[in-house]
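Colleague: To be precise about what I am sending: the file is called work-v2.cif and holds mmCIF, C-alpha atoms.
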data_work
#
loop_
_atom_site.group_PDB
_atom_site.id
_atom_site.type_symbol
_atom_site.label_atom_id
_atom_site.label_comp_id
_atom_site.auth_asym_id
_atom_site.auth_seq_id
_atom_site.Cartn_x
_atom_site.Cartn_y
_atom_site.Cartn_z
ATOM 1 C CA MET A 34 61.832 114.624 73.111
ATOM 2 C CA LEU A 35 63.943 111.576 72.172
ATOM 3 C CA LYS A 36 66.621 113.808 70.585
ATOM 4 C CA VAL A 37 66.810 115.893 73.779
ATOM 5 C CA ILE A 38 67.292 112.743 75.876
ATOM 6 C CA GLU A 39 69.941 111.411 73.473
ATOM 7 C CA LYS A 40 71.766 114.753 73.639
ATOM 8 C CA GLN A 41 71.668 114.697 77.466
ATOM 9 C CA ILE A 42 73.033 111.127 77.507
ATOM 10 C CA ILE A 43 75.870 112.116 75.158
ATOM 11 C CA LEU A 44 76.726 115.151 77.304
ATOM 12 C CA TYR A 45 76.619 113.002 80.451
ATOM 13 C CA ASP A 46 78.925 110.410 78.878
ATOM 14 C CA MET A 47 81.358 113.124 77.751
ATOM 15 C CA ASN A 48 81.356 114.777 81.181
ATOM 16 C CA PHE A 49 81.887 111.404 82.822
ATOM 17 C CA GLY A 50 84.759 110.596 80.478
ATOM 18 C CA GLU A 51 86.434 113.953 80.996
ATOM 19 C CA GLU A 52 86.062 113.633 84.786
ATOM 20 C CA TYR A 53 87.478 110.100 84.684
ATOM 21 C CA LEU A 54 90.542 111.198 82.695
ATOM 22 C CA SER A 55 91.085 114.241 84.910
ATOM 23 C CA THR A 56 90.915 112.281 88.165
ATOM 24 C CA ALA A 57 93.038 109.419 86.799
ATOM 25 C CA ILE A 58 95.780 111.858 85.801
ATOM 26 C CA ARG A 59 95.628 113.624 89.168
ATOM 27 C CA ARG A 60 95.835 110.325 91.103
ATOM 28 C CA LEU A 61 98.763 109.124 89.008
ATOM 29 C CA LYS A 62 100.610 112.416 89.469
ATOM 30 C CA TYR A 63 100.161 112.010 93.219
ATOM 31 C CA TYR A 64 101.856 108.588 93.125
ATOM 32 C CA LYS A 65 104.604 109.969 90.900
ATOM 33 C CA GLU A 66 105.192 112.632 93.543
ATOM 34 C CA LEU A 67 105.422 109.993 96.306
ATOM 35 C CA GLY A 68 108.174 108.251 94.361
ATOM 36 C CA GLU A 69 110.042 111.514 93.849
ATOM 37 C CA LYS A 70 109.748 112.484 97.523
ATOM 38 C CA THR A 71 111.295 109.108 98.314
ATOM 39 C CA PHE A 72 114.176 109.618 95.855
ATOM 40 C CA ALA A 73 114.880 113.001 97.457
ATOM 41 C CA GLN A 74 115.612 111.260 100.771
ATOM 42 C CA LEU A 75 118.023 108.722 99.277
ATOM 43 C CA GLU A 76 121.608 108.629 98.043
ATOM 44 C CA ASP A 77 122.821 106.865 94.887
ATOM 45 C CA LYS A 78 123.851 103.745 96.806
ATOM 46 C CA ASP A 79 120.451 103.505 98.494
ATOM 47 C CA LEU A 80 118.703 103.084 95.146
ATOM 48 C CA HIS A 81 120.617 99.831 94.613
ATOM 49 C CA TRP A 82 119.987 98.292 98.038
ATOM 50 C CA GLN A 83 117.984 95.051 98.021
ATOM 51 C CA PRO A 84 116.052 93.862 101.091
ATOM 52 C CA SER A 85 116.882 90.260 100.059
ATOM 53 C CA SER A 86 118.425 88.403 97.137
ATOM 54 C CA GLU A 87 114.979 87.815 95.613
ATOM 55 C CA SER A 88 113.821 91.423 96.077
ATOM 56 C CA ASN A 89 114.109 94.250 93.606
ATOM 57 C CA SER A 90 116.037 97.387 94.421
ATOM 58 C CA ILE A 91 114.481 100.800 93.856
ATOM 59 C CA ALA A 92 116.745 101.119 90.801
ATOM 60 C CA VAL A 93 115.309 97.956 89.259
ATOM 61 C CA ILE A 94 111.740 99.080 89.998
ATOM 62 C CA ILE A 95 112.450 102.418 88.296
ATOM 63 C CA GLN A 96 113.922 100.611 85.266
ATOM 64 C CA HIS A 97 110.810 98.428 85.061
ATOM 65 C CA LEU A 98 108.335 101.299 85.432
ATOM 66 C CA ALA A 99 110.118 103.412 82.822
ATOM 67 C CA GLY A 100 110.302 100.491 80.387
ATOM 68 C CA ASN A 101 106.639 99.676 80.905
ATOM 69 C CA MET A 102 105.513 103.286 80.464
ATOM 70 C CA LEU A 103 107.517 103.814 77.292
ATOM 71 C CA SER A 104 106.275 100.551 75.801
ATOM 72 C CA ARG A 105 102.619 100.905 76.776
ATOM 73 C CA TRP A 106 102.149 104.600 76.028
ATOM 74 C CA THR A 107 104.249 105.280 72.917
ATOM 75 C CA ASN A 108 101.716 105.454 70.049
ATOM 76 C CA PHE A 109 99.162 104.181 72.564
ATOM 77 C CA LEU A 110 96.079 104.135 70.334
ATOM 78 C CA THR A 111 97.777 102.743 67.230
ATOM 79 C CA GLU A 112 100.387 100.172 68.308
ATOM 80 C CA ASP A 113 100.476 97.156 70.600
ATOM 81 C CA GLY A 114 101.518 98.212 74.110
ATOM 82 C CA GLU A 115 104.178 95.517 74.274
ATOM 83 C CA LYS A 116 106.664 96.918 71.767
ATOM 84 C CA THR A 117 109.111 94.673 69.934
ATOM 85 C CA TRP A 118 111.926 97.010 71.047
ATOM 86 C CA ARG A 119 111.121 96.596 74.751
ATOM 87 C CA ALA A 120 113.662 94.506 76.677
ATOM 88 C CA ARG A 121 111.492 93.659 79.678
ATOM 89 C CA ASP A 122 113.819 91.025 81.151
ATOM 90 C CA ASP A 123 116.683 93.530 81.072
ATOM 91 C CA GLU A 124 114.605 95.913 83.206
ATOM 92 C CA PHE A 125 115.113 93.474 86.095
ATOM 93 C CA GLU A 126 118.899 93.259 85.707
ATOM 94 C CA ILE A 127 121.338 95.268 87.845
ATOM 95 C CA HIS A 128 122.920 98.077 85.819
ATOM 96 C CA ASN A 129 124.377 100.339 88.548
ATOM 97 C CA TYR A 130 122.955 103.481 86.962
ATOM 98 C CA SER A 131 123.506 106.694 88.874
ATOM 99 C CA LYS A 132 120.658 108.431 90.652
ATOM 100 C CA LYS A 133 120.690 111.078 87.910
ATOM 101 C CA GLN A 134 120.356 108.406 85.194
ATOM 102 C CA LEU A 135 117.563 106.619 87.051
ATOM 103 C CA VAL A 136 115.607 109.822 87.654
ATOM 104 C CA GLY A 137 116.110 110.649 83.963
ATOM 105 C CA SER A 138 114.554 107.285 82.995
ATOM 106 C CA TRP A 139 111.737 107.856 85.481
ATOM 107 C CA ASP A 140 111.031 111.314 84.014
ATOM 108 C CA LYS A 141 111.129 110.019 80.446
ATOM 109 C CA GLY A 142 108.636 107.247 81.228
ATOM 110 C CA TRP A 143 106.264 109.529 83.117
ATOM 111 C CA THR A 144 106.401 112.200 80.407
ATOM 112 C CA CYS A 145 105.459 109.630 77.766
ATOM 113 C CA PHE A 146 102.652 108.272 79.944
ATOM 114 C CA LEU A 147 101.158 111.567 81.108
ATOM 115 C CA ASP A 148 101.396 113.138 77.642
ATOM 116 C CA ALA A 149 99.529 110.152 76.189
ATOM 117 C CA LEU A 150 96.826 110.426 78.858
ATOM 118 C CA ALA A 151 96.508 114.188 78.335
ATOM 119 C CA SER A 152 95.963 113.647 74.604
ATOM 120 C CA LEU A 153 92.961 111.364 75.179
ATOM 121 C CA THR A 154 89.361 112.519 75.031
ATOM 122 C CA ALA A 155 86.161 111.070 76.428
ATOM 123 C CA ASP A 156 85.488 109.629 72.956
ATOM 124 C CA ASP A 157 88.662 107.514 73.206
ATOM 125 C CA LEU A 158 87.737 105.658 76.392
ATOM 126 C CA LEU A 159 85.800 102.828 74.752
ATOM 127 C CA LYS A 160 88.199 102.396 71.837
ATOM 128 C CA LYS A 161 90.139 99.146 71.720
ATOM 129 C CA VAL A 162 93.904 98.896 72.166
ATOM 130 C CA LEU A 163 96.223 95.902 72.234
ATOM 131 C CA ILE A 164 98.657 94.722 74.897
ATOM 132 C CA ARG A 165 100.545 91.582 73.879
ATOM 133 C CA ASN A 166 98.016 91.181 71.071
ATOM 134 C CA GLU A 167 95.162 91.068 73.609
ATOM 135 C CA GLU A 168 92.360 93.565 73.085
ATOM 136 C CA LEU A 169 91.104 95.800 75.892
ATOM 137 C CA THR A 170 89.350 99.134 76.130
ATOM 138 C CA VAL A 171 91.301 102.335 76.717
ATOM 139 C CA ILE A 172 89.566 102.736 80.079
ATOM 140 C CA ASP A 173 90.696 99.237 81.088
ATOM 141 C CA ALA A 174 94.256 99.964 79.934
ATOM 142 C CA ILE A 175 94.274 103.068 82.147
ATOM 143 C CA ASN A 176 92.798 101.140 85.093
ATOM 144 C CA ARG A 177 95.463 98.496 84.623
ATOM 145 C CA GLN A 178 98.152 101.135 85.122
ATOM 146 C CA LEU A 179 96.266 102.774 88.010
ATOM 147 C CA ALA A 180 96.801 99.463 89.801
ATOM 148 C CA HIS A 181 100.250 98.572 88.435
ATOM 149 C CA TYR A 182 102.194 101.804 88.939
ATOM 150 C CA PRO A 183 101.043 102.588 92.517
ATOM 151 C CA TYR A 184 101.795 98.937 93.415
ATOM 152 C CA HIS A 185 105.445 99.468 92.483
ATOM 153 C CA ILE A 186 105.609 102.978 93.920
ATOM 154 C CA GLY A 187 104.426 101.529 97.226
ATOM 155 C CA GLN A 188 107.415 99.174 97.039
ATOM 156 C CA ILE A 189 109.733 102.127 96.383
ATOM 157 C CA VAL A 190 108.373 104.034 99.378
ATOM 158 C CA TYR A 191 108.574 100.978 101.626
ATOM 159 C CA ILE A 192 112.194 100.249 100.677
ATOM 160 C CA GLY A 193 113.070 103.930 101.156
ATOM 161 C CA ARG A 194 111.486 103.883 104.587
ATOM 162 C CA ILE A 195 113.488 100.776 105.556
ATOM 163 C CA ILE A 196 116.723 102.423 104.406
ATOM 164 C CA ARG A 197 116.132 105.770 106.140
ATOM 165 C CA ASN A 198 114.572 104.191 109.226
ATOM 166 C CA GLU A 199 114.308 106.851 111.955
ATOM 167 C CA GLU A 200 115.514 109.564 109.568
ATOM 168 C CA TRP A 201 112.581 108.925 107.211
ATOM 169 C CA LYS A 202 110.464 112.011 106.506
ATOM 170 C CA ASN A 203 106.852 110.846 106.459
ATOM 171 C CA LEU A 204 104.975 111.238 103.157
ATOM 172 C CA SER A 205 101.480 110.972 104.593
ATOM 173 C CA ILE A 206 99.831 111.444 107.994
ATOM 174 C CA PRO A 207 102.497 110.906 110.689
ATOM 175 C CA LYS A 208 101.751 108.386 113.434
ATOM 176 C CA GLY A 209 99.637 109.765 116.225
ATOM 177 C CA THR A 210 98.327 112.764 114.255
ATOM 178 C CA SER A 211 95.207 111.345 112.564
ATOM 179 C CA GLN A 212 92.700 113.207 114.732
ATOM 180 C CA GLN A 213 94.558 116.490 114.307
ATOM 181 C CA TYR A 214 94.718 115.924 110.540
ATOM 182 C CA ASN A 215 91.008 115.097 110.308
ATOM 183 C CA ALA A 216 90.064 118.179 112.369
ATOM 184 C CA SER A 217 92.075 120.580 110.201
ATOM 185 C CA ASN A 218 90.447 122.701 107.514
ATOM 186 C CA ASP A 219 92.982 121.582 104.900
ATOM 187 C CA VAL A 220 92.087 119.493 101.858
ATOM 188 C CA LYS A 221 92.181 115.897 103.104
ATOM 189 C CA ASP A 222 92.628 114.033 99.815
ATOM 190 C CA PRO A 223 96.315 114.450 98.908
ATOM 191 C CA ALA A 224 95.620 113.843 95.206
ATOM 192 C CA LYS A 225 93.406 116.940 95.148
ATOM 193 C CA LYS A 226 96.454 119.020 96.040
ATOM 194 C CA ILE A 227 98.135 117.958 92.784
ATOM 195 C CA SER A 228 97.840 120.420 89.931
ATOM 196 C CA LYS A 229 95.969 119.184 86.875
#
Rewrite the coordinates I just gave you, this time as structure tokens.
Modeller:
Amino acid sequence: MLKVIEKQIILYDMNFGEEYLSTAIRRLKYYKELGEKTFAQLEDKDLHWQPSSESNSIAVIIQHLAGNMLSRWTNFLTEDGEKTWRARDDEFEIHNYSKKQLVGSWDKGWTCFLDALASLTADDLLKKVLIRNEELTVIDAINRQLAHYPYHIGQIVYIGRIIRNEEWKNLSIPKGTSQQYNASNDVKDPAKKISK
């Protein structure tokens, strides 16, 4: 009887871990898509616009996200997430990269990140990794990025909306359409529309 219970607990833990990884990836892909739908509405010059002298432009936010993703997720399980080759301070400098270059950096960072996540299994979630020589579980490292990346993508969307103003194409439920949206038979959770 005890072996049956232990086997059920192991299966539950594995199913939980697989579901966690699957939903985390889907949520992150949704936020990636929000960033890309914002880029599609902007010109090169828009990516370098700053709301104030102390604010970051979309270009700088992209540089930071790409640098963070490459550092954190290259050899994720075996190396410290703050690589010696990362130039974090430089991520916040103005480089005047073209839209094509910035989107290339964005894609490179996301590919590294999503490939690393896709390679994980439920058994990896409680393993320990290092970030700046500080130990945390894999699940905590993922949660950290589930908070960090959407935080910055929200900034990207907000800046894009300021720039486009009345020409902005809404990325979620347009004003005044909540009841209509809720009454529709469509899938309501936008992350569920993202392919795994």
Colleague: Please enumerate the residues selected by the PyMOL selection byres ((chain A and resi 190) around 10) when evaluated against the supplied file, formatted as a list in words.
Modeller: Leu67, Gly68, Glu69, Lys70, Thr71, Phe72, Ile91, His185, Ile186, Gly187, Gln188, Ile189, Tyr191, Ile192, Gly193, Arg194, Ile195, Ile196, Asn203 and Leu204 of chain A
Colleague: Selection in question (the file shown): the PyMOL selection byres ((chain A and resi 156) around 12). Which residues does it include, as an NGL selection string?
Modeller: :A and (43-44 or 46-51 or 53-54 or 152-155 or 157-161 or 170-172)
Colleague: Evaluating the PyMOL selection byres ((chain A and resi 142) around 6) on the displayed file yields which residues, as a ChimeraX atom specification?
Modeller: /A:99,102-103,139-141,143-145
Colleague: I'd like the interatomic distance between atom CA of Asp122 of chain A and atom CA of His97 of chain A, to a tenth of an Å.
Modeller: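 Interatomic distance here is 8.9 Å.
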Colleague: As lines of an AutoDock Vina configuration file, please: the centre and edge lengths in Å, to one decimal, of an axis-aligned box enclosing every listed atom of segment 193-206 of chain A with 3 Å added on each side.
Modeller:
center_x = 108.3
center_y = 106.4
center_z = 106.6
size_x = 22.9
size_y = 17.2
size_z = 16.8
Colleague: Using only C-alpha atoms, which residues sit within 10 Å of Leu163 of chain A once same-chain residues fewer than 6 positions away are excluded, as a list in words?
Modeller: Arg105, Phe109, Leu110, Thr111, Glu112, Asp113, Gly114, Glu115, Leu169, Thr170, Val171 and Ala174 of chain A
Colleague: How many Å separate atom CA of Pro84 of chain A from atom CA of Leu135 of chain A?
Modeller: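 Between these atoms lies a distance of 19.0 Å.
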Colleague: Atom CA of Trp118 of chain A to atom CA of Ala151 of chain A: how many Å, to one decimal?
Modeller: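 Calculated distance between atom CA of Trp118 of chain A and atom CA of Ala151 of chain A is 24.2 Å.
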Colleague: I need segment 153-168 of chain A written out with all heavy atoms, as a short mmCIF file (atom, residue, chain, number, x, y, z; two decimals), in the first residue's frame; please produce it.
Modeller:
data_model
loop_
_atom_site.label_atom_id
_atom_site.label_comp_id
_atom_site.auth_asym_id
_atom_site.auth_seq_id
_atom_site.Cartn_x
_atom_site.Cartn_y
_atom_site.Cartn_z
N LEU A 153 13.96 21.79 -19.74
CA LEU A 153 13.78 21.39 -18.34
C LEU A 153 12.71 20.32 -18.20
O LEU A 153 11.78 20.24 -19.00
CB LEU A 153 13.40 22.61 -17.50
CG LEU A 153 14.43 23.73 -17.41
CD1 LEU A 153 13.85 24.93 -16.66
CD2 LEU A 153 15.71 23.25 -16.73
N THR A 154 12.84 19.53 -17.15
CA THR A 154 11.84 18.53 -16.81
C THR A 154 11.33 18.82 -15.40
O THR A 154 11.92 19.63 -14.67
CB THR A 154 12.43 17.11 -16.84
OG1 THR A 154 13.39 16.98 -15.78
CG2 THR A 154 13.09 16.80 -18.18
N ALA A 155 10.28 18.12 -15.03
CA ALA A 155 9.74 18.27 -13.67
C ALA A 155 10.81 17.97 -12.62
O ALA A 155 10.84 18.59 -11.56
CB ALA A 155 8.53 17.36 -13.50
N ASP A 156 11.71 17.05 -12.92
CA ASP A 156 12.77 16.68 -11.97
C ASP A 156 13.76 17.82 -11.73
O ASP A 156 14.48 17.81 -10.73
CB ASP A 156 13.54 15.45 -12.47
CG ASP A 156 12.71 14.18 -12.42
OD1 ASP A 156 11.76 14.12 -11.60
OD2 ASP A 156 13.02 13.24 -13.18
N ASP A 157 13.82 18.78 -12.65
CA ASP A 157 14.77 19.89 -12.51
C ASP A 157 14.28 20.99 -11.58
O ASP A 157 15.08 21.80 -11.12
CB ASP A 157 15.06 20.51 -13.89
CG ASP A 157 15.80 19.58 -14.82
OD1 ASP A 157 16.68 18.85 -14.35
OD2 ASP A 157 15.47 19.59 -16.03
N LEU A 158 12.99 21.06 -11.33
CA LEU A 158 12.41 22.23 -10.68
C LEU A 158 12.94 22.52 -9.28
O LEU A 158 12.99 23.68 -8.87
CB LEU A 158 10.88 22.12 -10.64
CG LEU A 158 10.21 22.21 -12.01
CD1 LEU A 158 8.71 22.00 -11.88
CD2 LEU A 158 10.50 23.55 -12.69
N LEU A 159 13.33 21.51 -8.55
CA LEU A 159 13.85 21.74 -7.20
C LEU A 159 15.38 21.73 -7.14
O LEU A 159 15.95 21.87 -6.05
CB LEU A 159 13.27 20.72 -6.22
CG LEU A 159 11.76 20.85 -6.01
CD1 LEU A 159 11.25 19.78 -5.04
CD2 LEU A 159 11.37 22.24 -5.52
N LYS A 160 16.02 21.60 -8.29
CA LYS A 160 17.48 21.71 -8.32
C LYS A 160 17.87 23.14 -7.97
O LYS A 160 17.08 24.08 -8.09
CB LYS A 160 18.02 21.36 -9.71
CG LYS A 160 17.93 19.89 -10.03
CD LYS A 160 18.48 19.60 -11.42
CE LYS A 160 18.39 18.11 -11.74
NZ LYS A 160 18.82 17.83 -13.12
N LYS A 161 19.11 23.31 -7.54
CA LYS A 161 19.62 24.63 -7.18
C LYS A 161 20.45 25.21 -8.31
O LYS A 161 21.22 24.51 -8.96
CB LYS A 161 20.49 24.54 -5.92
CG LYS A 161 19.80 23.93 -4.72
CD LYS A 161 18.74 24.83 -4.15
CE LYS A 161 18.19 24.24 -2.87
NZ LYS A 161 17.15 25.03 -2.28
N VAL A 162 20.26 26.50 -8.56
CA VAL A 162 21.07 27.25 -9.51
C VAL A 162 21.60 28.48 -8.79
O VAL A 162 21.12 28.83 -7.71
CB VAL A 162 20.28 27.65 -10.78
CG1 VAL A 162 19.91 26.42 -11.60
CG2 VAL A 162 19.05 28.48 -10.45
N LEU A 163 22.57 29.14 -9.41
CA LEU A 163 23.14 30.34 -8.82
C LEU A 163 22.85 31.56 -9.69
O LEU A 163 22.91 31.50 -10.93
CB LEU A 163 24.66 30.19 -8.69
CG LEU A 163 25.19 29.11 -7.76
CD1 LEU A 163 26.72 29.05 -7.85
CD2 LEU A 163 24.76 29.37 -6.32
N ILE A 164 22.55 32.68 -9.04
CA ILE A 164 22.51 33.98 -9.69
C ILE A 164 23.28 34.92 -8.79
O ILE A 164 22.94 35.11 -7.62
CB ILE A 164 21.07 34.49 -9.92
CG1 ILE A 164 20.30 33.55 -10.85
CG2 ILE A 164 21.11 35.91 -10.50
CD1 ILE A 164 18.87 33.95 -11.12
N ARG A 165 24.38 35.46 -9.33
CA ARG A 165 25.31 36.28 -8.55
C ARG A 165 25.78 35.54 -7.29
O ARG A 165 25.83 36.10 -6.20
CB ARG A 165 24.69 37.64 -8.20
CG ARG A 165 24.40 38.50 -9.41
CD ARG A 165 23.98 39.91 -8.99
NE ARG A 165 23.69 40.70 -10.18
CZ ARG A 165 22.45 40.90 -10.66
NH1 ARG A 165 21.41 40.38 -10.03
NH2 ARG A 165 22.28 41.63 -11.74
N ASN A 166 26.07 34.27 -7.48
CA ASN A 166 26.58 33.39 -6.43
C ASN A 166 25.58 33.16 -5.30
O ASN A 166 25.94 32.71 -4.22
CB ASN A 166 27.91 33.92 -5.86
CG ASN A 166 28.78 32.79 -5.36
OD1 ASN A 166 28.71 31.67 -5.86
ND2 ASN A 166 29.58 33.08 -4.36
N GLU A 167 24.31 33.48 -5.56
CA GLU A 167 23.24 33.24 -4.58
C GLU A 167 22.40 32.06 -5.07
O GLU A 167 21.95 32.05 -6.21
CB GLU A 167 22.38 34.50 -4.44
CG GLU A 167 21.34 34.40 -3.36
CD GLU A 167 20.56 35.70 -3.20
OE1 GLU A 167 21.09 36.78 -3.58
OE2 GLU A 167 19.44 35.64 -2.70
N GLU A 168 22.20 31.10 -4.19
CA GLU A 168 21.50 29.88 -4.56
C GLU A 168 19.98 30.08 -4.51
O GLU A 168 19.45 30.71 -3.61
CB GLU A 168 21.89 28.78 -3.57
CG GLU A 168 21.65 27.38 -4.04
CD GLU A 168 22.19 26.35 -3.08
OE1 GLU A 168 21.57 26.19 -2.00
OE2 GLU A 168 23.21 25.72 -3.39
#
